[in-house]
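Participant: I am attaching a structure below and will ask some questions about it afterwards.
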Amino acid sequence: MDTRYVIGLDFGSDSVRALIVNSRTGGEVAEGVVYYPRWKEGKYSVFAESQFRHHPLDYIEAMTQAVQEALNQAPEGVAKQVVGIGVDTTGSTPAPVDEQGQVLALKPEFAENPNAMFVLWKDHTSVSKADLINELAHSGQFTDYTKFIGGIYSSEWFWAKAAWVSEQDPQVAEAAYSWVELCDWVPALLAGNEAPAQMRRGICAAGHKAMWHDSWNGLPDQAFLSAISPTLDGIRERMFDQVYASDEKAGELSQEWADKLGLPAGIAIAIGEFDCHMGAVGAGAGSYDLVKVIGTSTCDILMAPTDVIGERQIDGICGQVLGSSMPGLVALEAGQSAFGDLYAWYRRLLMWPIEQLAKDDAQYTALAAELDDKILFMLTQAAEQYQPELTGPIALDWHNGRRTPYANQRLTGELSALNLGTDAPTIFHSLVEATAHGAKAIMDCMTSQDVQVDRVLALGGIAKKSRLVMQLCADVMGRSIDVVESEQCCALGAAIFAAVAAGEYASTADAQAVMASPIASRFEPDAERHDFYQKRYELYRQLGGYTEELTETRTQLNS
Ligand SMILES: Nc1ncnc2c1ncn2[C@@H]1O[C@H](COP(=O)(O)OP(=O)(O)O)[C@@H](O)[C@H]1O
Ligand SMILES: O=C(CO)[C@@H](O)[C@@H](O)COP(=O)(O)O
């Protein structure tokens, strides 16, 4: 039998990865990783206002280069044997598009306008719109469209972003025919069917972020959307009325993109999904496996059979959608809005003086670069030797708000119980511990609503890079954690769907059985440390309760 290959494209927050996989064995053949050039320069984002935007050209250029890099590394002849492409992306990362599906920032008049670009998942500028959506959905005047997304709509999601940006920028509102999620746009771009009327959208983004549900006939009613903002008047009929799972095709590779990428025209492009949902498939997960994708943020997927979940609302999570990860299973999504981002924030804080020196004096440039490279490693080494005290410094992981349990993006990070002896590694340890407590809070939220967790799996940058973080998570959660071997597990999941969409396998389960990643290592919890951290977890929760009250007061002061 001829060897066939598939490509998984994984669009992360900072970079895109292209992974070439042998579809008959699951063997990873080559990869290309390319950082988004404009994003790397810090363009279009305003950290202090939680505004984070991606230029569509960053995606287009980085994707093209990543595929070419991967093909250059692969043995000769592989390109001709590629039969399918799968795509996963961050989300909710929507953009305004014209009637042809062109993202507005690709037009000269909007080329430098952040409101015409993709609004990255971690952009929280639309908090007030999310509040309004919750108010409307819970008012009794409309269907409660938050029923299958944990009961609370978040400013990380589609409608809050579309409404907020449109109100901020009347020119964008005027030019926007519709809005589209990144995970739907990339496959459509490759297939040349990106006009909203032709584009085939995935159930994953629609169900988790755009309040799509069969029971209310798809998207929320137009009256509800118009109540969010008059700028959304008439948009429902310019959206979509069909959704698909990723074992289906979004289209076929167009001649234009085949030429650009050096691949055969006409190969299958699978329907796109969010990174974590495909990561779970790449990790070989099935019912009752809690899959933690641990990187800048975390995204947690727990799958369960439909008869176990039924029509029950699972509170406090980010969504429960049939077929958003493995077709046929309900995938519950949850996550932390900042995980590695918390460590990145601390690194930036400590780097401030040296960066200021380096700005004015070139003799510090090399030192600044070396420190930037080593600082997390140095902190990790020191934190590994640190013996935490029961009443020592304790932190919250809410620097970018709280995604789960019970989304509240207004919440802030906190650091408590400092004294004059508190040093940098101690604070770093408390930040790592805070992220582990956040992970436990998510698992407890699910298990307390009778959704069992039989196994915890971890993948993503931090799962591979930091033994300190993984051991702390195991100790705090009181669970063994299996770390998946693949360095590019989300891309591997995308490749699995590419193989199914290309007809290489009859079902995703068949493809997963052959192609999913093995487990590389296991972190076992230590019983004594777990007892110790249980007590610290109570302090974390108390600090959380106090912060919620303080946030309420701050919100009132601001209003
Ligand atoms: N040695 C380390 N220990 C802990 N965190 C790390 C380490 N190195 C990098 N990180 C964090 O990993 C995050 C990036 O994760 P990664 O999975 O590579 O990317 P992404 O989330 O974009 O997919 C950053 O937030 C960074 O702070
Ligand atoms: O929120 C989701 C999916 O719903 C993720 O795309 C988001 O957390 C981004 O993930 P990364 O931390 O960049 O890997």
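In the structure tokens, the first chain shown is A, the next is B, and so on; residue numbers restart at 1 for each chain, and ligands run from 1 in the order shown.
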Hey, which bits of region 153-205 of chain A sit within 12 Å of region 43-52 of chain A, and for each residue what's the closest pair of atoms and how far apart in Å (one decimal), counting only C-alpha atoms, rows by chain and increasing number, as a tab-separated table?
Facilitator:
residue	atom	partner	partner_atom	distance
A:Ser155	CA	A:Ser50	CA	10.7
A:Glu156	CA	A:Ser50	CA	10.6
A:Lys161	CA	A:Gln51	CA	10.9
A:Trp164	CA	A:Gln51	CA	11.9
A:Val165	CA	A:Gln51	CA	10.9
Participant: Sorted by chain and rising residue number, list the residues of chain A at most 9 Å from ligand 2 (counting only C-alpha atoms and all ligand atoms), each with its closest atom pair and distance in Å to one decimal, as JSON lines.
Facilitator:
{"residue": "A:Phe11", "atom": "CA", "partner": "ligand 2", "partner_atom_place_in_ligand_line": "13 (O)", "distance": 8.3}
{"residue": "A:Gly12", "atom": "CA", "partner": "ligand 2", "partner_atom_place_in_ligand_line": "13 (O)", "distance": 4.8}
{"residue": "A:Ser13", "atom": "CA", "partner": "ligand 2", "partner_atom_place_in_ligand_line": "13 (O)", "distance": 4.1}
{"residue": "A:Asp14", "atom": "CA", "partner": "ligand 2", "partner_atom_place_in_ligand_line": "13 (O)", "distance": 7.2}
{"residue": "A:Ser15", "atom": "CA", "partner": "ligand 2", "partner_atom_place_in_ligand_line": "13 (O)", "distance": 8.9}
{"residue": "A:Asp88", "atom": "CA", "partner": "ligand 2", "partner_atom_place_in_ligand_line": "6 (O)", "distance": 8.8}
{"residue": "A:Thr89", "atom": "CA", "partner": "ligand 2", "partner_atom_place_in_ligand_line": "6 (O)", "distance": 6.2}
{"residue": "A:Thr90", "atom": "CA", "partner": "ligand 2", "partner_atom_place_in_ligand_line": "6 (O)", "distance": 3.0}
{"residue": "A:Gly91", "atom": "CA", "partner": "ligand 2", "partner_atom_place_in_ligand_line": "6 (O)", "distance": 4.2}
{"residue": "A:Ser92", "atom": "CA", "partner": "ligand 2", "partner_atom_place_in_ligand_line": "4 (O)", "distance": 6.1}
{"residue": "A:Thr93", "atom": "CA", "partner": "ligand 2", "partner_atom_place_in_ligand_line": "6 (O)", "distance": 8.0}
{"residue": "A:Leu120", "atom": "CA", "partner": "ligand 2", "partner_atom_place_in_ligand_line": "9 (C)", "distance": 8.6}
{"residue": "A:Trp121", "atom": "CA", "partner": "ligand 2", "partner_atom_place_in_ligand_line": "7 (C)", "distance": 6.1}
{"residue": "A:Lys122", "atom": "CA", "partner": "ligand 2", "partner_atom_place_in_ligand_line": "7 (C)", "distance": 7.3}
{"residue": "A:Glu156", "atom": "CA", "partner": "ligand 2", "partner_atom_place_in_ligand_line": "1 (O)", "distance": 7.9}
{"residue": "A:Trp157", "atom": "CA", "partner": "ligand 2", "partner_atom_place_in_ligand_line": "4 (O)", "distance": 8.9}
{"residue": "A:Cys204", "atom": "CA", "partner": "ligand 2", "partner_atom_place_in_ligand_line": "4 (O)", "distance": 8.9}
{"residue": "A:Ala205", "atom": "CA", "partner": "ligand 2", "partner_atom_place_in_ligand_line": "4 (O)", "distance": 8.0}
{"residue": "A:His208", "atom": "CA", "partner": "ligand 2", "partner_atom_place_in_ligand_line": "4 (O)", "distance": 7.7}
{"residue": "A:Lys209", "atom": "CA", "partner": "ligand 2", "partner_atom_place_in_ligand_line": "4 (O)", "distance": 8.1}
{"residue": "A:Glu273", "atom": "CA", "partner": "ligand 2", "partner_atom_place_in_ligand_line": "3 (C)", "distance": 8.8}
{"residue": "A:Phe274", "atom": "CA", "partner": "ligand 2", "partner_atom_place_in_ligand_line": "3 (C)", "distance": 5.2}
{"residue": "A:Asp275", "atom": "CA", "partner": "ligand 2", "partner_atom_place_in_ligand_line": "6 (O)", "distance": 5.6}
{"residue": "A:Cys276", "atom": "CA", "partner": "ligand 2", "partner_atom_place_in_ligand_line": "3 (C)", "distance": 5.9}
{"residue": "A:His277", "atom": "CA", "partner": "ligand 2", "partner_atom_place_in_ligand_line": "3 (C)", "distance": 7.8}
{"residue": "A:Val293", "atom": "CA", "partner": "ligand 2", "partner_atom_place_in_ligand_line": "14 (O)", "distance": 6.8}
{"residue": "A:Ile294", "atom": "CA", "partner": "ligand 2", "partner_atom_place_in_ligand_line": "12 (O)", "distance": 6.7}
{"residue": "A:Gly295", "atom": "CA", "partner": "ligand 2", "partner_atom_place_in_ligand_line": "12 (O)", "distance": 4.7}
{"residue": "A:Thr296", "atom": "CA", "partner": "ligand 2", "partner_atom_place_in_ligand_line": "12 (O)", "distance": 3.9}
{"residue": "A:Ser297", "atom": "CA", "partner": "ligand 2", "partner_atom_place_in_ligand_line": "12 (O)", "distance": 3.7}
{"residue": "A:Thr298", "atom": "CA", "partner": "ligand 2", "partner_atom_place_in_ligand_line": "8 (O)", "distance": 5.5}
{"residue": "A:Cys299", "atom": "CA", "partner": "ligand 2", "partner_atom_place_in_ligand_line": "8 (O)", "distance": 5.2}
{"residue": "A:Asp300", "atom": "CA", "partner": "ligand 2", "partner_atom_place_in_ligand_line": "3 (C)", "distance": 8.7}
{"residue": "A:Cys318", "atom": "CA", "partner": "ligand 2", "partner_atom_place_in_ligand_line": "4 (O)", "distance": 8.0}
{"residue": "A:Glu333", "atom": "CA", "partner": "ligand 2", "partner_atom_place_in_ligand_line": "4 (O)", "distance": 7.2}
{"residue": "A:Ala334", "atom": "CA", "partner": "ligand 2", "partner_atom_place_in_ligand_line": "4 (O)", "distance": 7.9}
{"residue": "A:Gly335", "atom": "CA", "partner": "ligand 2", "partner_atom_place_in_ligand_line": "8 (O)", "distance": 6.9}
{"residue": "A:Gln336", "atom": "CA", "partner": "ligand 2", "partner_atom_place_in_ligand_line": "8 (O)", "distance": 7.4}
{"residue": "A:Ser337", "atom": "CA", "partner": "ligand 2", "partner_atom_place_in_ligand_line": "8 (O)", "distance": 6.6}
{"residue": "A:Ala338", "atom": "CA", "partner": "ligand 2", "partner_atom_place_in_ligand_line": "12 (O)", "distance": 7.7}
{"residue": "A:Phe339", "atom": "CA", "partner": "ligand 2", "partner_atom_place_in_ligand_line": "12 (O)", "distance": 7.8}
{"residue": "A:Gly340", "atom": "CA", "partner": "ligand 2", "partner_atom_place_in_ligand_line": "12 (O)", "distance": 7.9}
{"residue": "A:Asp341", "atom": "CA", "partner": "ligand 2", "partner_atom_place_in_ligand_line": "12 (O)", "distance": 8.4}
{"residue": "A:Arg403", "atom": "CA", "partner": "ligand 2", "partner_atom_place_in_ligand_line": "1 (O)", "distance": 8.8}
{"residue": "A:Gly460", "atom": "CA", "partner": "ligand 2", "partner_atom_place_in_ligand_line": "14 (O)", "distance": 7.1}
{"residue": "A:Gly461", "atom": "CA", "partner": "ligand 2", "partner_atom_place_in_ligand_line": "14 (O)", "distance": 8.3}
Participant: Where does region 373-474 of chain A meet region 478-489 of chain A within 6 Å, residue by residue, with the nearest atom pair and distance in Å to one decimal for each, counting only C-alpha atoms, listed by chain and rising number, as a tab-separated table?
Facilitator:
residue	atom	partner	partner_atom	distance
A:Val456	CA	A:Ile481	CA	5.1
A:Leu457	CA	A:Asp482	CA	4.8
A:Ala458	CA	A:Val483	CA	4.8
A:Leu459	CA	A:Val484	CA	5.5
A:Ala474	CA	A:Arg479	CA	5.2
Participant: Near region 547-557 of chain A, counting only C-alpha atoms, which residues have an atom at most 10 Å away, once you skip same-chain residues fewer than 2 positions from it, shown as a list in words?
Facilitator: Leu396, Trp398, Asn408, Arg410, Leu411, Thr412, Gly413, Glu414, Arg541, Gln542, Leu543, Gly544, Gly545 and Ser559 of chain A
Participant: Per DSSP on the backbone, what are the strand (DSSP E or B) residues of region 237-343 of chain A, as a VMD selection string?
Facilitator: chain A and resid 243 to 244 249 to 252 268 to 270 273 to 274 287 289 to 294 298 to 305 319 to 322 329 to 336
Participant: Go ahead and save the residues from that selection, with C-alpha atoms, as an mmCIF file, in the first residue's frame.
Facilitator:
data_model
loop_
_atom_site.group_PDB
_atom_site.id
_atom_site.type_symbol
_atom_site.label_atom_id
_atom_site.label_comp_id
_atom_site.auth_asym_id
_atom_site.auth_seq_id
_atom_site.Cartn_x
_atom_site.Cartn_y
_atom_site.Cartn_z
ATOM 1 C CA VAL A 243 -22.586 23.081 11.279
ATOM 2 C CA TYR A 244 -20.273 20.102 10.829
ATOM 3 C CA LYS A 249 -14.607 18.142 4.751
ATOM 4 C CA ALA A 250 -14.614 21.947 4.823
ATOM 5 C CA GLY A 251 -13.614 21.771 1.162
ATOM 6 C CA GLU A 252 -10.704 20.813 -1.049
ATOM 7 C CA ALA A 268 -9.245 17.162 1.608
ATOM 8 C CA ILE A 269 -9.428 20.021 4.099
ATOM 9 C CA ALA A 270 -11.133 18.955 7.330
ATOM 10 C CA GLU A 273 -11.830 23.066 15.617
ATOM 11 C CA PHE A 274 -10.261 24.792 18.593
ATOM 12 C CA SER A 287 -14.870 9.185 27.733
ATOM 13 C CA ASP A 289 -10.358 11.463 30.263
ATOM 14 C CA LEU A 290 -9.650 15.016 31.431
ATOM 15 C CA VAL A 291 -7.200 16.453 28.901
ATOM 16 C CA LYS A 292 -5.283 19.536 29.987
ATOM 17 C CA VAL A 293 -3.628 21.563 27.251
ATOM 18 C CA ILE A 294 -1.125 23.554 29.280
ATOM 19 C CA THR A 298 -5.043 26.093 29.821
ATOM 20 C CA CYS A 299 -7.872 24.551 28.018
ATOM 21 C CA ASP A 300 -9.396 21.468 29.602
ATOM 22 C CA ILE A 301 -11.517 18.945 27.736
ATOM 23 C CA LEU A 302 -13.538 16.207 29.426
ATOM 24 C CA MET A 303 -15.574 13.932 27.170
ATOM 25 C CA ALA A 304 -18.581 11.870 28.196
ATOM 26 C CA PRO A 305 -21.293 9.846 26.430
ATOM 27 C CA GLY A 319 -19.497 24.659 27.093
ATOM 28 C CA GLN A 320 -20.877 21.171 26.479
ATOM 29 C CA VAL A 321 -21.085 20.319 22.804
ATOM 30 C CA LEU A 322 -21.796 17.027 21.074
ATOM 31 C CA LEU A 329 -19.201 12.234 22.484
ATOM 32 C CA VAL A 330 -20.119 15.390 24.388
ATOM 33 C CA ALA A 331 -17.007 17.483 25.062
ATOM 34 C CA LEU A 332 -17.050 19.697 28.146
ATOM 35 C CA GLU A 333 -14.640 22.603 27.789
ATOM 36 C CA ALA A 334 -13.106 24.593 30.643
ATOM 37 C CA GLY A 335 -9.832 26.375 31.256
ATOM 38 C CA GLN A 336 -7.685 29.031 32.888
#
Participant: Which residues, written as a list of chain:residue names, have at least one atom at most 8 Å from Arg536 (chain A), with only C-alpha atoms counted and residues fewer than 2 positions away on the same chain left out?
Facilitator: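 Surrounding residues, per the criterion: A:Leu390, A:Thr391, A:Ile394, A:Phe532, A:Tyr533, A:Gln534, A:Glu538, A:Leu539, A:Tyr540.
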Participant: Name all residues at most 12 Å from Gln385 (chain A) (count only C-alpha atoms; drop same-chain ones fewer than 5 positions away) and give them as a list in words.
Facilitator: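 Listing them by chain and then by number gives Met378, Leu379, Thr380, Pro425, Thr426, His429 and Leu468 of chain A.
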Participant: Do you know which residues are at most 7 Å from Ala70 (chain A) counting only C-alpha atoms, after dropping those on the same chain fewer than 4 positions away, and could you put them as an MDAnalysis selection string?
Facilitator: chainID A and resid 18:20 30:32 66 74
Participant: Give me, please, the distance in Å between CA of Gly150 (chain A) and CA of Pro525 (chain A), quoted to one decimal.
Facilitator: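 About the pair CA of Gly150 (chain A) and CA of Pro525 (chain A): they are 29.3 Å apart.
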Participant: My list of candidates is A:Leu371, A:Leu57, A:Leu357, A:Val16. Which is closest to ligand 1 when distances are computed with only C-alpha atoms and all ligand atoms?
Facilitator: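 Checking each of A:Leu371, A:Leu57, A:Leu357, A:Val16 against ligand 1, counting only C-alpha atoms and all ligand atoms, the winner is A:Val16.
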